[in-house]
Structures are given as C-alpha cells and as structure tokens.
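Trainee: A single structure is presented below for examination.
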Amino acid sequence: MDGSTAPLPLSLSRRDALRRILTASALAASLDITAFAAEDIARIGEDPNLLVKDIPWPRLLTPEEKRIVTALGDVIIPADEYGPAASAVGVPDFIDEWVSAPYPEQQKDLSAIRPGLAWIDSEAKQRFGKGYADCDLAQQTALVTDIVTDGSPARKAGYSFFKLLRDRVAGGYFSTPEGWKAIGYTGNVPSMEFTGPSPEVLQHVGLA
Amino acid sequence: MAFLQTSKTRAARYDVVVVGSGAAGGMAALTLAKAGAKVLMLEAGRKYDPVTETPMFQTNADAPLRGANTPDKPYGFYDATIGGWTVKGEPYTVKNKTSGTWQDGTFAKRDATDQNFMWWRARMLGGRTNHWGRVSLRMGPDDFKPRSTDGLGFDWPISYEEIAPYYDRTDQIVGIFGSKEGIRNDPDSDFFLPPPKPRAYELLFQRGAKKLGIPVIPSRIAVLTKPMPGRAPCFYATPCSRGCAIGAAFQSTTSLIPYALETGNLDVITNAMVREVTLDARGRANGVHFIDKLTGQEEHVPARAVVLGASACETGRILLNSRSNRFPQGLGNSSGHLGRWLTDSTAGDLSGQIPALENMPLHNEDGVSFQHLYAPWSEAQAKSAKAMGSPRGYYTSFGGGRKMPGMSVSLGPNGGNLFGTKLKEEARRYYGSFVNVSGRGEMVPNEHCYAELDPEKKDRFGIPVLRFHWKWNDYEVRQVEHMHQTFAEMIEAAGGKVTKAPVKDASGIMTAGGSVNHEMGVTRMSAKPEDGVTNPYSQLWDCPNVVVADAGVFVSSPYKNPTLTIMALAIRACEKLQAGMNDGSIPAPA
C-alpha cells in the first residue's frame, strides 16, 4: 500500500508504544474513553489491510469484568446439541474488543455494559454471597431468569443492560463458523453454479 | 507505458489526460487507448489491486468488530472503498437543516440526519466501481425525454436510439446477466449472460407481486455467469461489495484498466489530485495542474485534450476551480449552469417477516450476493403513483435470505427474553425469514439543488471545496410514500407481515441528498450553449477539447442506476473526441 494520505498524526512506532503502555497499565480501565478517542490514535482508519485482523485499540475490560462476561456469555450461549458455548469460540475476547473500540456506538455500549456488569455482580453477592462469576450455573441461570421475568425487580434494574449484552454476545457468536452451524448458515463455499432452491425447499414455502 | 511509481517518469506530453479511474475514467481510458491515443490517467487515490487485496471468503469473525460498520468504514470493515462520507483533509460543506448553518459533511444515518447532503468519495484506483451494487439497467426511450413525457424536468438532447449501440458495446465489455422481457422503457440487451436462479424468498415475492399486477423479473447485474477473457465467472460466494479478486463482479480495476494498459498506450499516476484544467491563450485546454500527494509538489501535465471522469461533483469542482480571465466563473460556466441541476436517486425501504421462511431446510442462498429478481416500474404502479402526485418511477428489489451472519443477526419476534438453548433454537427458526423491500427512484431536477465553491474553505492541498444546497420536491416525498404503501402490499402478498408500519408522510424519512451515491447533473448536456455545460457529445460548450465522461452530463436522473449509462456515454464521447482530434475539428492547443 503506497501511502495515500498525509503524515499520520503519530508515527507507527509511537502508536505501538502507546498501545503497549495502555494495555499494560491498570490505568487503562479508568481512562476517559471519550477523551481517548479524540486523540485519534487507535482507529481502524479508512484504509486498513482487509486481510489481517489488527485491533489497534487497547482492551478496557478488567480481568474481573471479563470473568463476568465469560460466565454470563455462557449462560446466554451454552454448549448444547447446536454447538459450543460462547466462551469456546472467543466471545468474551470479542466483547472486550467491542466495548473498547473508540467509536460512538461502542463507547455507548461500554457506558451501559460496564455498570451493568457491576450491578449483576453485586446482585449475585447479595443473593448468593459471591460474585457472579463464582456462582454455580444454577445460581447464574436463576439470576438471568429473574432478569427476563416480567415485573421482577431484577428486570427493572438489569433488563436493558442484559438485552444489550445478550445481543452483542449473540452477534459475536453467530458470526463465527461454529455459530453459522448453530444458526444454519451453509454458504461461503464456492460452487460452479447456483442451483437455486431444492424441491424440498420449494415444498417448504408452498411453491412446489 | 504502465503504472508510474512517480510522476517524474511520465512523458512530456500526452494526447489525452483522463482524470479519474472509475466507470467514467476507466472506460474513457480504454476507449482512447484502444483508438491509439497516448493517454495519462490521474487518480487522486492510491493504487489498488483487487487480486491481492480483496478479502475473499474471510468471515466476519476474521474482521475487527465482526465486520460491523464504523465511521471509518461506513459500509462495514470489508467494504472495498477507501474513502467514504469523509476523506481526511478533504472536507465539503453541507447545510444543517435544523440550524440552517454550514458544517462539514460527515458519516450519518442517511434517513435520519440534519445534513442536507452527503458525498461518498473513493480515493483509490477504480474509484467507486470497486464496491458498487453492479445494477446495470439501460435507460429507456422515455427516460431521455421526461419533459415530453410528463411536462416536468428537461429532455436530453439525445435519444435512446442514439445511445443503444453504445449500450451494446458496454454490455459486451462489462458482462451483465439478465433476461429479455420486451418491456418498452426497460430495453433488453442482446448480450445478456444467463441470470442466476431466484432464491426461495424472491419466488414468494414474485408470486405475490403478480397478484398486484407488478411483474418481477431477473435482475440485470454486472456479475459474470459465464467466463470472459481474463475474468472468471462467479463462484457464488463472498459478497461483491468487498471487490472481486477473480474479476467476476465488474470493477474498473479488473475489467477496464488492465485492458487499457495492455494497449501500451496508457500511463497511470495515482495519488494525483487534480486542481484545474489549464488553457492556452486562445482558450483551448492544454493540460491540467495536479498535486502529487506523495511529494506535495504541484505539477502541470500538457495534453491535447482533457477528459474529466472524477465523479459528477468532483468534476464540477475542478471546472469551478478552473478560473481564468476568459472564464472567471469557472470553465464551462458561461451559461451559468455549472454546478446546477444536481440530483440523486430517492430511496425507500420497508422490512418484514415471512412465516413460510421459518424453519427452512438448510440450504445455501449466497448466490451473486445481489438481488436475483427485481421489479421494474410497472403500469400498475405508474397509475396509482400518479394519483398520489408522484410522477416518476422507481424500481424495486427484494433483500433477505440466509446471508452470512454478522452483528445484526435477529433472534425473532420473541427475542427480548431469550437466552440459553432456547435462544439458539429461535435464532435458527427465524434465520432467513426476514425480508427487506427496497426502492430506488427518479427525482425531478430542481433549482434548489446545486453545488458551488465554498467561499472560504479549502482542502489540505489549498483547493477550494464544494458546498451543497439541497431540497427535495414534493414529487419525491410522494414517491417514497408510494414505495412504502406498495412495499407493504408486496410483503403481505408474499405471505409476510411488515415489521414496522409504512409511513403515511415521508417528509421525515427523506434521505440526505447524495446519500444514495447517485449524484448526477452538475455539468448537464444541452442542445444549445445557453442551456447547459456540455454539448450532446459531452464536450464543454466553452472548450470542446474538454470532455465530461461521468454522470455530470445527465439531464435527468432515471430510476436506472447511473453507472451503465456513464460507461455508454463515455465510449461515445471519447470516440467523438478522438475523431475530432484526428480530423482537426478539435484543434490542438498551443
């Protein structure tokens, strides 16, 4: 790629250095994300290499937050006959990647998900005497069941957070090849011709 | 002759300088180079090679943020475009509809923004052809004579019959699938490749629309279903908006420029930002000034003629900036029409869900990644639209199916409370049952839509930038209302339910001008010098050795996406230019 734009605001080496510092730092989690994005140092950019997955921004979730995401993600997407659990296909890392991104939509998600994780953790401590990630599966499931039950206090407090995280976990999961299998996507394979719907499909939709 | 690493190695002068490398510039360069002219192509963006840079088969999980769109990549990570609604250091100004003040145009949701206009620009070899929707519809006889047909807008100074042979030649170069249907204002091609079979949901729409009296026919799309020399046929996987490494989906970088280079008559310089067309003492164009973006150096390249194919508005900007004592208001602007009569396509979308598509037997619906069927404007629609006060047509396409899942995967109508295995079961049940009906329509040109130079703002090269004025007519608002009403009927006739009610009043959901990426007008052609910017052969009335090859010359904005017509007109204009240079009717500059 022969450089097409004006000199970058920061040289690559400075950018890399900064990334390393931020990632290593315990400070990262408490950074003001809006001010950080304004620096314009860690975006995808308008001309990224499309063949390489290079996430230029530091991850912001703390190890404890990530443990809660992992536990909650596996209640949302457990291992079953349709496929592996969310954590088995890297969804917790993806959620960290998502909420750490320096774009308005993702920053908005972070500002809802981070307090939501703290809330569900304190709720678990109140009910079961331990953090959400340390609860057993029955306890974790009971709490989520409560959140989605109409009229419950937990729903009032935690539903919008839960639904948001749930949608991101589902998106992160079904966009993996294992998730394709779970949802029933069979494409992305080359073929000599497009044969169109089979007689079985036509019959299913009432066109046979 | 070839790709030049630096403008230092270019020839001292060329027969023709072509500005831009997309549909217009690519086809112009190919036409002229084949005819023997020594051509220099200048592209403002970087060199780009779809063969090595296209993410074929990559999954969304291979991309940052699962490929979701961001302000950096507004159509998603994998979209081929380098550039977008903003280009760093190259602003444009738009009016904030609420505050009435001017601001820089930026990334926004096109049907829910305060910006009156949005401008999509590519900065890469091949321009916007690298990602476009490949919809390739011929304009019909009525489309060239709209004023004669319904009394609104303006007639073109040319007819369908005059352009038909150039459509034929374009089709043979591009490769378009379709079917012969004999619809008068949607002319067939003798060179259609076989269309792919329809998908299940498309068949449901076809059957449903029939009850409404609306024919649904195979799409006309620039994707090869048979091989062409140097280009493989589609293998029905991986979205075309990423670009196509095998050349199946037409784009200038695989389908025009390599063939132009093969003639030995073309040089290409990328990162070359053209500022203005220069004139000799008698007012003939004698070359262009450009800025080499890699060195920051200003350069002048002499030529016998100049072809502008930078996209309608960028070409308009170059001409507005080509000011001289002879043409103080910009080159081509003696009539005062330069920058005016800017149009875009209208857009209306309505989504729904079809129960018959639930729990479908597993099958692969990727196909060519675009619609396999569409509904051209029909007599039934024309009648009901006219009664609503909407004079002009639109075409309809049907989206949906079992697409590669990304972040917006839907969990179905019961989605809110789901988790666990039940969530997977519901996602599986509803996957592929959501549909979207989408219309692209014709706008009647009006005097409130135009581009002009911003009185103060300049880009990072010091070149004055454009600012945009925009206002839809009531005709277009009524048209989007008609779309919504019709699309709701279509979804119901296909056995589905709309997921959101159609709007009764579309004034709140009109898209920002330009946001459908179909800017047309700005340098329109005319029968008489006082009525437009170019003559019927796309040469400036002010200066016939300057040709406009892009959609700037369009007099109206038919509901046929502009790219195919851009290419047909580019062939015609460049052959006329070449003939004029050969026979001396277009004299060489001093």
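Residues are named by chain letter and number: chains run A, B, ... in the order of the structure tokens, numbers start at 1 in each chain, and ligands are numbered from 1 in the order shown.
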Which residues of chain B come within 7 Å of chain A, and for each one, what is the closest pair of atoms and their distance in Å to one decimal, counting only C-alpha atoms, sorted by chain and residue number, as a Markdown table?
Mentor:
```
| residue | atom | partner | partner_atom | distance |
| --- | --- | --- | --- | --- |
| B:Gly45 | CA | A:Ser4 | CA | 6.3 |
| B:Arg46 | CA | A:Ser4 | CA | 5.3 |
| B:Glu53 | CA | A:Leu50 | CA | 7.0 |
| B:Pro55 | CA | A:Leu51 | CA | 5.6 |
| B:Phe57 | CA | A:Asn188 | CA | 6.2 |
| B:Asn60 | CA | A:Ser175 | CA | 5.8 |
| B:Ala61 | CA | A:Thr176 | CA | 5.3 |
| B:Asp62 | CA | A:Lys53 | CA | 6.1 |
| B:Ala63 | CA | A:Lys53 | CA | 5.4 |
| B:Pro64 | CA | A:Lys53 | CA | 6.0 |
| B:Leu65 | CA | A:Trp98 | CA | 5.8 |
| B:Arg66 | CA | A:Gly172 | CA | 6.8 |
| B:Thr70 | CA | A:Tyr103 | CA | 6.9 |
| B:Asp72 | CA | A:Glu46 | CA | 5.0 |
| B:Lys73 | CA | A:Glu46 | CA | 6.0 |
| B:Tyr78 | CA | A:Leu50 | CA | 6.3 |
| B:Ile82 | CA | A:Asp47 | CA | 5.5 |
| B:Gly83 | CA | A:Glu46 | CA | 6.0 |
| B:Pro196 | CA | A:Phe194 | CA | 6.4 |
| B:Lys197 | CA | A:Gly196 | CA | 5.2 |
| B:Pro198 | CA | A:Gly196 | CA | 6.2 |
| B:Arg199 | CA | A:Gly196 | CA | 5.8 |
| B:Ala200 | CA | A:Pro197 | CA | 5.9 |
| B:Phe235 | CA | A:Pro190 | CA | 4.9 |
| B:Tyr236 | CA | A:Pro190 | CA | 5.9 |
| B:Ala237 | CA | A:Asn188 | CA | 4.9 |
| B:Thr238 | CA | A:Asn188 | CA | 5.8 |
| B:Asn271 | CA | A:Ser4 | CA | 6.2 |
| B:Ala356 | CA | A:Val205 | CA | 5.1 |
| B:Leu357 | CA | A:Val205 | CA | 6.3 |
| B:Met360 | CA | A:His204 | CA | 6.9 |
| B:Pro361 | CA | A:Val201 | CA | 6.1 |
| B:Leu362 | CA | A:Gly184 | CA | 6.0 |
| B:His363 | CA | A:Thr186 | CA | 6.2 |
| B:Asn364 | CA | A:Gly187 | CA | 4.9 |
| B:Glu365 | CA | A:Gly187 | CA | 6.9 |
| B:Asp366 | CA | A:Gly187 | CA | 6.0 |
| B:Gly367 | CA | A:Phe194 | CA | 6.0 |
| B:Arg402 | CA | A:Tyr185 | CA | 6.4 |
| B:Met404 | CA | A:Tyr185 | CA | 6.6 |
| B:Pro405 | CA | A:Ser175 | CA | 5.1 |
| B:Gly406 | CA | A:Ser175 | CA | 4.9 |
| B:Met407 | CA | A:Gly171 | CA | 4.1 |
| B:Ser408 | CA | A:Gly171 | CA | 6.3 |
| B:Val409 | CA | A:Gly171 | CA | 5.9 |
| B:Gly416 | CA | A:Lys163 | CA | 6.8 |
| B:Asn417 | CA | A:Val148 | CA | 5.2 |
| B:Phe419 | CA | A:Ile76 | CA | 4.5 |
| B:Gly420 | CA | A:Ile76 | CA | 4.8 |
| B:Thr421 | CA | A:Pro78 | CA | 6.7 |
| B:Lys424 | CA | A:Ile183 | CA | 6.9 |
| B:Ala427 | CA | A:Ile183 | CA | 6.2 |
| B:Arg428 | CA | A:Ile183 | CA | 4.5 |
| B:Tyr431 | CA | A:Ile183 | CA | 6.9 |
```
Trainee: Let's have the selection written as a PDB file, in the first residue's frame, with C-alpha atoms.
Mentor:
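Generated file (again21.pdb):
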```pdb
ATOM      1  CA  GLY B  45      -6.357   7.902  -4.508  1.00  0.00           C
ATOM      2  CA  ARG B  46      -3.818   5.161  -4.103  1.00  0.00           C
ATOM      3  CA  GLU B  53      -6.276  -7.037  -1.581  1.00  0.00           C
ATOM      4  CA  PRO B  55     -10.864 -10.413   1.443  1.00  0.00           C
ATOM      5  CA  PHE B  57     -14.010 -15.903   1.941  1.00  0.00           C
ATOM      6  CA  ASN B  60     -16.974 -11.626   9.903  1.00  0.00           C
ATOM      7  CA  ALA B  61     -15.116 -13.210  12.799  1.00  0.00           C
ATOM      8  CA  ASP B  62     -11.893 -12.539  10.873  1.00  0.00           C
ATOM      9  CA  ALA B  63     -12.596  -8.792  10.976  1.00  0.00           C
ATOM     10  CA  PRO B  64     -12.401  -6.201  13.743  1.00  0.00           C
ATOM     11  CA  LEU B  65     -15.804  -5.757  15.430  1.00  0.00           C
ATOM     12  CA  ARG B  66     -17.135  -8.725  13.433  1.00  0.00           C
ATOM     13  CA  THR B  70     -17.851   2.226  11.857  1.00  0.00           C
ATOM     14  CA  ASP B  72     -14.014   4.741   9.432  1.00  0.00           C
ATOM     15  CA  LYS B  73     -15.683   2.065   7.271  1.00  0.00           C
ATOM     16  CA  TYR B  78     -14.773  -5.436   4.338  1.00  0.00           C
ATOM     17  CA  ILE B  82     -11.059   3.561   0.519  1.00  0.00           C
ATOM     18  CA  GLY B  83     -12.682   6.865   1.366  1.00  0.00           C
ATOM     19  CA  PRO B 196     -28.901 -16.994 -11.730  1.00  0.00           C
ATOM     20  CA  LYS B 197     -31.938 -18.859 -10.441  1.00  0.00           C
ATOM     21  CA  PRO B 198     -34.124 -16.962  -7.966  1.00  0.00           C
ATOM     22  CA  ARG B 199     -33.941 -17.659  -4.252  1.00  0.00           C
ATOM     23  CA  ALA B 200     -36.933 -19.002  -2.322  1.00  0.00           C
ATOM     24  CA  PHE B 235     -18.486 -18.878  -7.857  1.00  0.00           C
ATOM     25  CA  TYR B 236     -21.452 -17.718  -5.775  1.00  0.00           C
ATOM     26  CA  ALA B 237     -19.716 -16.949  -2.529  1.00  0.00           C
ATOM     27  CA  THR B 238     -18.302 -13.904  -0.716  1.00  0.00           C
ATOM     28  CA  ASN B 271      -2.062   9.957  -5.657  1.00  0.00           C
ATOM     29  CA  ALA B 356     -43.263 -19.591   5.419  1.00  0.00           C
ATOM     30  CA  LEU B 357     -39.493 -18.990   5.538  1.00  0.00           C
ATOM     31  CA  MET B 360     -36.324 -23.728   6.393  1.00  0.00           C
ATOM     32  CA  PRO B 361     -34.402 -26.834   5.348  1.00  0.00           C
ATOM     33  CA  LEU B 362     -30.725 -25.852   5.398  1.00  0.00           C
ATOM     34  CA  HIS B 363     -29.540 -24.531   2.073  1.00  0.00           C
ATOM     35  CA  ASN B 364     -27.078 -22.026   0.660  1.00  0.00           C
ATOM     36  CA  GLU B 365     -28.643 -18.813  -0.691  1.00  0.00           C
ATOM     37  CA  ASP B 366     -25.485 -16.755  -1.211  1.00  0.00           C
ATOM     38  CA  GLY B 367     -25.892 -16.573  -4.990  1.00  0.00           C
ATOM     39  CA  ARG B 402     -29.844 -16.835   4.601  1.00  0.00           C
ATOM     40  CA  MET B 404     -23.648 -14.723   6.218  1.00  0.00           C
ATOM     41  CA  PRO B 405     -24.485 -13.790   9.831  1.00  0.00           C
ATOM     42  CA  GLY B 406     -22.984 -10.670  11.382  1.00  0.00           C
ATOM     43  CA  MET B 407     -23.654  -8.458  14.361  1.00  0.00           C
ATOM     44  CA  SER B 408     -27.230  -7.667  13.345  1.00  0.00           C
ATOM     45  CA  VAL B 409     -28.451 -11.273  13.438  1.00  0.00           C
ATOM     46  CA  GLY B 416     -36.321  -9.990  24.024  1.00  0.00           C
ATOM     47  CA  ASN B 417     -36.290 -12.579  26.796  1.00  0.00           C
ATOM     48  CA  PHE B 419     -31.146 -16.995  26.468  1.00  0.00           C
ATOM     49  CA  GLY B 420     -29.723 -20.482  26.547  1.00  0.00           C
ATOM     50  CA  THR B 421     -30.558 -23.273  24.141  1.00  0.00           C
ATOM     51  CA  LYS B 424     -30.302 -20.828  19.612  1.00  0.00           C
ATOM     52  CA  ALA B 427     -32.418 -17.836  16.099  1.00  0.00           C
ATOM     53  CA  ARG B 428     -32.339 -20.945  13.938  1.00  0.00           C
ATOM     54  CA  TYR B 431     -32.915 -17.075  10.468  1.00  0.00           C
TER      55      TYR B 431
END
```
Trainee: Can you check which residues of segment 228-380 of chain B DSSP gives as alpha helix (DSSP H) on the backbone and send them as number ranges by chain?
Mentor: B: 252-255, 257-262, 312-320, 379-380
Trainee: With only C-alpha atoms counted and 12 Å as the cut-off, give the residues of segment 328-433 of chain B in contact with segment 321-324 of chain B, each with its shortest interatomic distance in Å and the pair that gives it, as a tab-separated table.
Mentor:
```
residue	atom	partner	partner_atom	distance
B:Pro328	CA	B:Arg323	CA	5.0
B:Gln329	CA	B:Arg323	CA	6.2
B:Gly330	CA	B:Arg323	CA	4.5
B:Leu331	CA	B:Ser322	CA	5.5
B:Gly332	CA	B:Ser322	CA	9.0
B:Asn333	CA	B:Arg323	CA	9.7
B:Ser334	CA	B:Arg323	CA	11.4
B:Leu338	CA	B:Asn321	CA	11.2
B:Gly339	CA	B:Asn321	CA	11.5
```
Trainee: Could you pull out the strand (DSSP E or B) residues of segment 249-283 of chain B from DSSP and send them as a list in words?
Mentor: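 The strand (DSSP E or B) residues within segment 249-283 of chain B come out as Ala249, Leu266, Asp267, Val268, Ile269, Ala272, Met273, Val274, Arg275, Glu276, Val277, Thr278 and Leu279 of chain B.
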Trainee: How would the residues just chosen look if you wrote them out with N, CA and C atoms as a PDB file, in the first residue's frame?
Mentor:
```
ATOM      1  N   ALA B 249     -17.272 -10.012 -10.667  1.00  0.00           N
ATOM      2  CA  ALA B 249     -18.049  -8.790 -10.480  1.00  0.00           C
ATOM      3  C   ALA B 249     -17.277  -7.656 -11.142  1.00  0.00           C
ATOM      4  N   LEU B 266      -1.326   3.536 -22.332  1.00  0.00           N
ATOM      5  CA  LEU B 266      -1.816   4.191 -21.107  1.00  0.00           C
ATOM      6  C   LEU B 266      -0.727   4.252 -20.034  1.00  0.00           C
ATOM      7  N   ASP B 267      -0.547   5.421 -19.457  1.00  0.00           N
ATOM      8  CA  ASP B 267       0.204   5.586 -18.215  1.00  0.00           C
ATOM      9  C   ASP B 267      -0.789   5.918 -17.108  1.00  0.00           C
ATOM     10  N   VAL B 268      -0.497   5.460 -15.909  1.00  0.00           N
ATOM     11  CA  VAL B 268      -1.358   5.761 -14.769  1.00  0.00           C
ATOM     12  C   VAL B 268      -0.514   6.358 -13.657  1.00  0.00           C
ATOM     13  N   ILE B 269      -0.960   7.470 -13.122  1.00  0.00           N
ATOM     14  CA  ILE B 269      -0.333   8.023 -11.917  1.00  0.00           C
ATOM     15  C   ILE B 269      -1.399   8.093 -10.832  1.00  0.00           C
ATOM     16  N   ALA B 272      -2.610  11.502  -7.416  1.00  0.00           N
ATOM     17  CA  ALA B 272      -2.503  12.737  -8.198  1.00  0.00           C
ATOM     18  C   ALA B 272      -3.820  13.490  -8.099  1.00  0.00           C
ATOM     19  N   MET B 273      -3.809  14.553  -7.324  1.00  0.00           N
ATOM     20  CA  MET B 273      -5.032  15.319  -7.050  1.00  0.00           C
ATOM     21  C   MET B 273      -5.110  16.495  -8.021  1.00  0.00           C
ATOM     22  N   VAL B 274      -6.067  16.422  -8.939  1.00  0.00           N
ATOM     23  CA  VAL B 274      -6.157  17.463  -9.970  1.00  0.00           C
ATOM     24  C   VAL B 274      -6.832  18.708  -9.409  1.00  0.00           C
ATOM     25  N   ARG B 275      -6.207  19.843  -9.662  1.00  0.00           N
ATOM     26  CA  ARG B 275      -6.755  21.104  -9.177  1.00  0.00           C
ATOM     27  C   ARG B 275      -7.543  21.830 -10.257  1.00  0.00           C
ATOM     28  N   GLU B 276      -6.991  21.914 -11.471  1.00  0.00           N
ATOM     29  CA  GLU B 276      -7.689  22.676 -12.509  1.00  0.00           C
ATOM     30  C   GLU B 276      -7.235  22.280 -13.901  1.00  0.00           C
ATOM     31  N   VAL B 277      -8.082  22.607 -14.850  1.00  0.00           N
ATOM     32  CA  VAL B 277      -7.754  22.460 -16.269  1.00  0.00           C
ATOM     33  C   VAL B 277      -7.127  23.781 -16.712  1.00  0.00           C
ATOM     34  N   THR B 278      -6.021  23.691 -17.435  1.00  0.00           N
ATOM     35  CA  THR B 278      -5.351  24.926 -17.874  1.00  0.00           C
ATOM     36  C   THR B 278      -5.644  25.209 -19.347  1.00  0.00           C
ATOM     37  N   LEU B 279      -5.564  26.481 -19.720  1.00  0.00           N
ATOM     38  CA  LEU B 279      -5.921  26.920 -21.075  1.00  0.00           C
ATOM     39  C   LEU B 279      -4.747  27.614 -21.747  1.00  0.00           C
TER      40      LEU B 279
END
```
Trainee: Just want the 9 Å neighbourhood of Gly389 of chain B, counted on only C-alpha atoms, with same-chain residues fewer than 6 positions away dropped. Output as a short mmCIF file (atom, residue, chain, number, x, y, z; two decimals) with C-alpha atoms, in the first residue's frame.
Mentor:
```
data_model
loop_
_atom_site.label_atom_id
_atom_site.label_comp_id
_atom_site.auth_asym_id
_atom_site.auth_seq_id
_atom_site.Cartn_x
_atom_site.Cartn_y
_atom_site.Cartn_z
CA ASP B 474 -42.98 17.15 -3.14
CA TYR B 475 -42.88 14.67 -6.06
CA ARG B 478 -44.98 11.38 -2.54
CA GLN B 479 -42.89 8.79 -4.34
#
```
Trainee: Write out as a PyMOL selection string each polymer residue whose atoms come within 12 Å of Arg467 of chain B, counting only C-alpha atoms; drop sequence neighbours fewer than 3 positions from it.
Mentor: chain B and resi 91-96+101-105+115-119+313-314+316-317+320+339+449-458+464+470
Trainee: Now that the selection is made, can you save its residues with N, CA and C atoms as a compact mmCIF listing (two decimals), in the first residue's frame?
Mentor:
```txt
# COMPACT_ATOMS: atom_id res chain seq x y z
N PRO B 91 -12.46 18.25 3.18
CA PRO B 91 -13.84 18.45 3.61
C PRO B 91 -14.76 18.91 2.48
N TYR B 92 -16.05 18.87 2.75
CA TYR B 92 -17.04 19.56 1.92
C TYR B 92 -18.07 20.09 2.90
N THR B 93 -18.79 21.12 2.50
CA THR B 93 -19.71 21.70 3.47
C THR B 93 -21.16 21.45 3.05
N VAL B 94 -21.97 21.21 4.08
CA VAL B 94 -23.39 20.92 3.89
C VAL B 94 -24.17 21.81 4.85
N LYS B 95 -25.46 21.93 4.57
CA LYS B 95 -26.27 22.78 5.45
C LYS B 95 -26.94 21.91 6.51
N ASN B 96 -26.90 22.37 7.75
CA ASN B 96 -27.65 21.72 8.81
C ASN B 96 -29.10 22.17 8.68
N THR B 101 -27.18 26.37 9.54
CA THR B 101 -25.77 26.78 9.40
C THR B 101 -25.00 25.77 8.56
N TRP B 102 -23.81 26.20 8.11
CA TRP B 102 -22.96 25.31 7.31
C TRP B 102 -22.06 24.50 8.22
N GLN B 103 -21.83 23.26 7.85
CA GLN B 103 -20.93 22.39 8.62
C GLN B 103 -20.25 21.41 7.67
N ASP B 104 -19.20 20.77 8.13
CA ASP B 104 -18.55 19.75 7.30
C ASP B 104 -19.46 18.54 7.17
N GLY B 105 -19.56 17.98 5.98
CA GLY B 105 -20.32 16.76 5.78
C GLY B 105 -19.61 15.60 6.45
N GLN B 115 -28.05 16.71 8.14
CA GLN B 115 -27.29 17.16 6.96
C GLN B 115 -28.18 17.12 5.73
N ASN B 116 -28.12 18.21 4.94
CA ASN B 116 -28.93 18.22 3.72
C ASN B 116 -28.32 17.37 2.63
N PHE B 117 -27.04 17.02 2.77
CA PHE B 117 -26.33 16.32 1.69
C PHE B 117 -25.22 15.47 2.28
N MET B 118 -24.91 14.38 1.61
CA MET B 118 -23.76 13.54 1.98
C MET B 118 -23.06 13.15 0.69
N TRP B 119 -21.75 13.17 0.73
CA TRP B 119 -20.98 12.93 -0.50
C TRP B 119 -20.04 11.76 -0.30
N CYS B 313 -19.67 15.52 -9.04
CA CYS B 313 -19.40 16.71 -8.22
C CYS B 313 -17.92 17.07 -8.21
N GLU B 314 -17.03 16.06 -8.20
CA GLU B 314 -15.60 16.36 -8.22
C GLU B 314 -15.21 16.98 -9.57
N GLY B 316 -17.24 18.77 -11.38
CA GLY B 316 -17.78 20.13 -11.27
C GLY B 316 -16.85 21.03 -10.49
N ARG B 317 -16.29 20.45 -9.42
CA ARG B 317 -15.37 21.23 -8.59
C ARG B 317 -14.12 21.63 -9.38
N LEU B 320 -15.13 24.43 -11.68
CA LEU B 320 -15.37 25.69 -10.94
C LEU B 320 -14.05 26.31 -10.50
N GLY B 339 -22.58 23.33 -11.96
CA GLY B 339 -22.89 23.07 -10.55
C GLY B 339 -24.38 22.89 -10.29
N CYS B 449 -31.20 22.53 -5.86
CA CYS B 449 -30.15 21.53 -5.64
C CYS B 449 -28.94 21.87 -6.48
N TYR B 450 -27.88 22.31 -5.85
CA TYR B 450 -26.68 22.64 -6.61
C TYR B 450 -25.44 22.63 -5.72
N ALA B 451 -24.30 22.57 -6.38
CA ALA B 451 -23.01 22.64 -5.69
C ALA B 451 -22.32 23.92 -6.13
N GLU B 452 -21.61 24.55 -5.20
CA GLU B 452 -20.83 25.74 -5.54
C GLU B 452 -19.56 25.70 -4.71
N LEU B 453 -18.61 26.58 -5.03
CA LEU B 453 -17.39 26.62 -4.22
C LEU B 453 -17.70 27.28 -2.89
N ASP B 454 -17.22 26.69 -1.83
CA ASP B 454 -17.34 27.31 -0.53
C ASP B 454 -16.52 28.61 -0.56
N PRO B 455 -17.08 29.71 -0.07
CA PRO B 455 -16.37 30.98 -0.20
C PRO B 455 -15.06 31.04 0.60
N GLU B 456 -14.92 30.17 1.61
CA GLU B 456 -13.73 30.26 2.45
C GLU B 456 -12.91 28.97 2.51
N LYS B 457 -13.61 27.86 2.60
CA LYS B 457 -12.91 26.63 2.99
C LYS B 457 -12.08 26.03 1.85
N LYS B 458 -10.90 25.56 2.22
CA LYS B 458 -10.02 24.88 1.26
C LYS B 458 -9.62 23.52 1.83
N PRO B 464 -10.06 25.13 -3.17
CA PRO B 464 -11.40 25.43 -2.63
C PRO B 464 -12.33 24.22 -2.71
N TRP B 470 -29.56 21.65 -1.13
CA TRP B 470 -30.42 20.50 -1.47
C TRP B 470 -31.84 20.71 -0.98
```
